[in-house]
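Text of my_file-v5.txt (compact mmCIF, C-alpha atoms and all ligand atoms) as supplied:
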```
# COMPACT_ATOMS: atom_id res chain seq x y z
CA MET A 1 -66.33 -38.16 -157.45
CA ILE A 2 -63.51 -36.26 -159.11
CA LEU A 3 -64.33 -35.50 -162.74
CA PRO A 4 -61.75 -34.95 -165.50
CA ILE A 5 -61.32 -31.27 -166.35
CA VAL A 6 -61.75 -30.40 -170.02
CA ALA A 7 -58.65 -28.79 -171.54
CA TYR A 8 -58.30 -25.75 -173.78
CA GLY A 9 -59.38 -26.50 -177.35
CA ASP A 10 -62.47 -28.54 -176.48
CA PRO A 11 -65.55 -27.10 -178.26
CA VAL A 12 -67.65 -27.38 -175.05
CA LEU A 13 -65.61 -24.49 -173.63
CA ARG A 14 -66.80 -22.33 -176.54
CA LYS A 15 -70.54 -22.94 -176.24
CA LYS A 16 -72.97 -20.45 -174.80
CA ALA A 17 -74.29 -22.62 -171.96
CA LYS A 18 -78.01 -23.30 -171.46
CA GLU A 19 -80.15 -22.41 -168.44
CA ILE A 20 -81.27 -25.28 -166.22
CA THR A 21 -84.46 -26.00 -164.25
CA PRO A 22 -84.91 -27.74 -160.87
CA ASP A 23 -85.64 -31.05 -162.63
CA TYR A 24 -82.13 -31.21 -164.13
CA PRO A 25 -81.07 -34.83 -163.50
CA ASN A 26 -78.85 -35.53 -160.46
CA LEU A 27 -78.11 -31.85 -159.92
CA LYS A 28 -77.12 -32.16 -156.23
CA GLU A 29 -74.68 -34.92 -157.09
CA LEU A 30 -73.26 -32.93 -160.01
CA ILE A 31 -72.69 -29.91 -157.76
CA ALA A 32 -71.00 -32.08 -155.11
CA ASN A 33 -68.76 -33.61 -157.78
CA MET A 34 -67.86 -30.20 -159.21
CA LYS A 35 -66.84 -28.95 -155.75
CA GLU A 36 -64.74 -32.05 -155.14
CA THR A 37 -63.11 -31.62 -158.57
CA MET A 38 -62.36 -27.94 -157.87
CA TYR A 39 -60.82 -28.66 -154.44
CA ASN A 40 -58.77 -31.55 -155.81
CA ALA A 41 -57.26 -29.21 -158.43
CA SER A 42 -56.74 -26.38 -155.89
CA GLY A 43 -59.00 -24.08 -157.92
CA VAL A 44 -61.11 -21.18 -156.61
CA GLY A 45 -63.86 -21.72 -159.18
CA LEU A 46 -65.12 -24.32 -161.64
CA ALA A 47 -67.80 -23.95 -164.32
CA ALA A 48 -69.91 -26.81 -165.73
CA PRO A 49 -68.45 -26.51 -169.28
CA GLN A 50 -65.08 -27.38 -167.72
CA ILE A 51 -66.40 -30.82 -166.83
CA GLY A 52 -68.04 -31.15 -170.24
CA LYS A 53 -71.56 -29.85 -169.59
CA ALA A 54 -72.74 -26.71 -171.41
CA ILE A 55 -75.13 -25.59 -168.64
CA ARG A 56 -75.27 -22.34 -166.67
CA LEU A 57 -73.80 -23.60 -163.41
CA PHE A 58 -70.58 -22.82 -161.57
CA VAL A 59 -69.11 -23.18 -158.11
CA ILE A 60 -66.78 -20.77 -156.32
CA ASP A 61 -64.72 -20.97 -153.13
CA THR A 62 -62.22 -18.14 -152.74
CA SER A 63 -61.03 -19.18 -149.26
CA PRO A 64 -57.43 -19.84 -150.49
CA PHE A 65 -57.13 -16.08 -151.17
CA ALA A 66 -57.78 -15.46 -147.46
CA GLU A 67 -54.20 -16.64 -146.83
CA ASP A 68 -52.80 -13.83 -148.99
CA GLU A 69 -51.18 -11.43 -146.53
CA SER A 70 -50.84 -8.68 -149.13
CA LEU A 71 -54.64 -8.21 -148.95
CA GLU A 72 -56.47 -6.12 -146.35
CA GLU A 73 -57.90 -8.08 -143.42
CA SER A 74 -61.48 -7.04 -144.26
CA ASP A 75 -61.07 -8.34 -147.83
CA ARG A 76 -59.48 -11.54 -146.53
CA ALA A 77 -62.47 -12.10 -144.25
CA THR A 78 -64.86 -11.70 -147.22
CA LEU A 79 -62.83 -14.09 -149.39
CA ARG A 80 -62.60 -16.68 -146.58
CA ASP A 81 -66.41 -16.99 -146.57
CA PHE A 82 -67.14 -16.62 -150.29
CA LYS A 83 -68.34 -20.13 -151.14
CA LYS A 84 -71.20 -20.25 -153.58
CA VAL A 85 -73.11 -22.20 -156.17
CA TYR A 86 -74.37 -20.05 -159.04
CA ILE A 87 -77.17 -21.29 -161.28
CA ASN A 88 -78.49 -19.33 -164.29
CA ALA A 89 -76.39 -16.30 -163.32
CA LYS A 90 -76.91 -13.01 -165.15
CA ILE A 91 -74.85 -9.85 -164.95
CA LEU A 92 -77.13 -6.86 -164.36
CA GLU A 93 -74.39 -4.22 -164.19
CA GLU A 94 -70.61 -3.90 -164.23
CA GLU A 95 -69.03 -0.72 -162.91
CA GLY A 96 -65.74 1.04 -162.27
CA GLN A 97 -62.30 1.45 -163.77
CA GLU A 98 -60.82 -1.80 -165.11
CA TRP A 99 -58.01 -3.28 -163.01
CA GLY A 100 -55.47 -5.97 -163.82
CA PHE A 101 -55.04 -9.24 -161.96
CA ASN A 102 -52.95 -12.29 -162.81
CA GLU A 103 -55.50 -14.98 -163.73
CA GLY A 104 -55.21 -18.68 -164.41
CA CYS A 105 -57.71 -21.38 -165.35
CA LEU A 106 -57.92 -25.10 -164.55
CA SER A 107 -58.60 -25.76 -168.26
CA ILE A 108 -55.40 -23.91 -169.23
CA PRO A 109 -52.70 -25.24 -166.86
CA ASP A 110 -49.42 -23.35 -166.48
CA VAL A 111 -50.67 -20.20 -168.19
CA ARG A 112 -51.12 -17.07 -166.08
CA GLU A 113 -51.64 -13.60 -167.49
CA ASP A 114 -52.88 -10.22 -166.32
CA VAL A 115 -56.51 -9.72 -167.27
CA TYR A 116 -58.38 -6.40 -166.99
CA ARG A 117 -61.92 -6.36 -165.62
CA GLN A 118 -64.26 -3.88 -163.97
CA PRO A 119 -64.14 -4.07 -160.14
CA LYS A 120 -67.82 -4.16 -159.28
CA VAL A 121 -70.57 -6.41 -160.58
CA THR A 122 -74.28 -6.69 -159.76
CA ILE A 123 -75.76 -10.07 -160.53
CA GLU A 124 -78.91 -12.14 -160.37
CA TYR A 125 -78.76 -15.92 -159.95
CA GLN A 126 -80.39 -18.95 -158.42
CA ASP A 127 -78.94 -20.99 -155.58
CA GLU A 128 -78.96 -24.80 -155.30
CA ASP A 129 -82.61 -24.69 -154.17
CA PHE A 130 -83.54 -22.42 -157.09
CA ASN A 131 -84.23 -19.39 -154.91
CA THR A 132 -83.44 -16.20 -156.84
CA HIS A 133 -80.97 -13.68 -155.38
CA THR A 134 -79.54 -10.33 -156.43
CA GLU A 135 -76.14 -9.29 -155.08
CA THR A 136 -73.25 -6.93 -155.69
CA LEU A 137 -69.68 -8.22 -155.59
CA ASP A 138 -66.43 -6.32 -155.72
CA GLY A 139 -62.69 -6.90 -155.79
CA LEU A 140 -61.47 -10.48 -156.03
CA ALA A 141 -64.92 -11.96 -155.38
CA ALA A 142 -66.22 -10.05 -158.43
CA ARG A 143 -63.15 -11.11 -160.41
CA VAL A 144 -63.68 -14.83 -159.75
CA PHE A 145 -67.39 -14.51 -160.51
CA GLN A 146 -66.60 -12.73 -163.83
CA HIS A 147 -64.07 -15.41 -164.81
CA GLU A 148 -66.57 -18.24 -164.12
CA TYR A 149 -69.42 -16.30 -165.74
CA ASP A 150 -67.28 -15.98 -168.88
CA HIS A 151 -67.04 -19.80 -168.97
CA ILE A 152 -70.82 -20.16 -169.27
CA GLU A 153 -70.71 -17.62 -172.11
CA GLY A 154 -68.03 -19.63 -173.94
CA VAL A 155 -65.28 -17.09 -173.16
CA LEU A 156 -61.81 -17.86 -171.77
CA PHE A 157 -59.45 -15.42 -170.07
CA THR A 158 -56.93 -15.83 -172.89
CA ASP A 159 -59.52 -14.24 -175.24
CA LYS A 160 -59.06 -10.99 -173.32
CA LEU A 161 -55.31 -10.69 -173.96
CA SER A 162 -53.61 -8.48 -176.53
CA SER A 163 -53.06 -9.96 -180.00
CA LEU A 164 -49.32 -10.01 -179.31
CA LYS A 165 -49.82 -12.03 -176.10
CA LYS A 166 -52.16 -14.38 -177.94
CA ARG A 167 -49.54 -14.98 -180.62
CA LEU A 168 -46.88 -15.66 -178.01
CA LEU A 169 -49.17 -18.16 -176.26
CA LYS A 170 -50.42 -19.97 -179.36
CA ARG A 171 -47.97 -22.88 -179.31
CA LYS A 172 -48.45 -23.40 -175.59
CA LEU A 173 -52.23 -23.47 -176.00
CA ASP A 174 -51.96 -25.92 -178.93
CA ASN A 175 -49.79 -28.14 -176.75
CA ILE A 176 -52.35 -28.07 -173.94
CA SER A 177 -55.09 -29.20 -176.35
CA LYS A 178 -52.85 -32.12 -177.38
CA GLY A 179 -52.19 -33.19 -173.80
CA LYS A 180 -48.55 -32.08 -173.89
CA ILE A 181 -48.76 -30.62 -170.40
CA ASN A 182 -48.26 -31.79 -166.84
CA ALA A 183 -51.24 -31.00 -164.67
CA ASP A 184 -51.45 -32.53 -161.21
CA TYR A 185 -55.14 -33.33 -161.68
CA ARG A 186 -57.10 -35.45 -164.17
CA MET A 187 -57.81 -33.79 -167.52
CA ARG A 188 -59.50 -34.60 -170.82
CA PHE A 189 -57.69 -33.35 -173.94
CA PRO A 190 -59.54 -32.69 -177.21
CA ASN A 191 -56.57 -33.29 -179.52
CA LEU A 192 -54.77 -36.04 -177.65
CA LYS A 193 -52.75 -38.14 -180.07
CA LYS A 194 -53.52 -41.81 -179.46
CA GLY A 195 -50.58 -44.06 -178.73
CA ARG A 196 -48.35 -41.27 -177.52
NI NI B 201 -61.37 -20.88 -165.78
```
Please re-express this file's structure in structure tokens.
Amino acid sequence: MILPIVAYGDPVLRKKAKEITPDYPNLKELIANMKETMYNASGVGLAAPQIGKAIRLFVIDTSPFAEDESLEESDRATLRDFKKVYINAKILEEEGQEWGFNEGCLSIPDVREDVYRQPKVTIEYQDEDFNTHTETLDGLAARVFQHEYDHIEGVLFTDKLSSLKKRLLKRKLDNISKGKINADYRMRFPNLKKGR
């Protein structure tokens, strides 16, 4: 089932999300619905707060980046196969010189800005069966992980922009929260004016 994606301005996007346990109700179904919602919106990641649940869960599938011919073939191969469910993820270490990449977010349609992040991240998380894993990601895989991880911490990529950029974007972000935006997927707007 495709779920509506929560738009910028909704308080759920600002909550520090809670850890979950294997008895979380209908978890398999929720994960399946989140994947379907992500694919329907052509996203490469989707975090639970974006469908209105403040829990530490996100899904990633970077395979669309594998089509990007400006990337090295070895990186494209990694991105083609990077499909994961992350539960209760923690960042153990972030390393390296920050690099910029033009990011977007399904909760903030039509806004794309360069965001600077460290290139390498070592993480611990649980998979769908609650087995614990430790892994190190780099490049775009790390980038997508960091973006989704920020969601479960209540952080959005626009928070990481300069104060000038934030000022320039303010009206656009206000409009998104009011539903004055055309997204080609279903959304839920916190400040939608009734009867519009
Ligand atoms: Ni996002």
Which polymer residues have any atom within 12 Å of an atom of Ile5 of chain A, counting all atoms listed in the file, with same-chain residues fewer than 5 positions away left out, as a PyMOL selection string? chain A and resi 10+12-13+33-34+36-38+40-41+43+46-53+105-109+177+179+183-190
Could you tell me which of A:Leu57, A:Ala77, A:Leu27, A:Ala7 comes closest to Leu140 of chain A if we count all atoms listed in the file? A:Ala77
Protein, DNA and RNA residues within 9 Å of (-67.0, -21.6, -157.1), only C-alpha atoms, as a ChimeraX atom specification: /A:34-35,38,43-47,58-62,82-86,144-145,148
Atom-to-atom span, atom CA of Gly104 of chain A and atom CA of Phe157 of chain A, Å: 7.8 Å
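Going from atom CA of Tyr149 of chain A to atom CA of Ile176 of chain A covers 22.3 Å.
Distances here use all atoms listed in the file; by that measure, the residue among A:Ile123, A:Leu30, A:Leu137, A:Val6 closest to ligand NI 201 (chain B) is A:Val6.
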Taking all atoms listed in the file into account, name the residue in A:His151, A:Arg56, A:Glu72, A:Glu113 that is nearest to Lys165 of chain A. A:Glu113
Which polymer residues have any atom within 12 Å of an atom of Asn131 of chain A, counting only C-alpha atoms, with same-chain residues fewer than 3 positions away left out, as a PyMOL selection string? chain A and resi 21-22+85-89+124-128+134
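Distances to Glu19 of chain A were evaluated for A:Gly96, A:Asn102, A:Val115, A:Lys90 using all atoms listed in the file, and the minimum falls at A:Lys90.
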Applying 9 Å and only C-alpha atoms, which residues near Trp99 of chain A remain after dropping the ones on its own chain fewer than 4 positions away? List them as a VMD selection string. chain A and resid 115 to 119
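Between atom CA of Leu92 of chain A and atom CA of Asp75 of chain A lies a distance of 23.1 Å.
Taking only C-alpha atoms and all ligand atoms into account, ligand NI 201 (chain B) lies nearest to A:Val155 out of the set A:Ala54, A:Val155, A:Ile31, A:Ile20.
Among the candidates A:Asp68, A:Glu73, A:Glu98, A:Glu103, the residue lying nearest to ligand NI 201 (chain B) is A:Glu103 (atoms considered: all atoms listed in the file).
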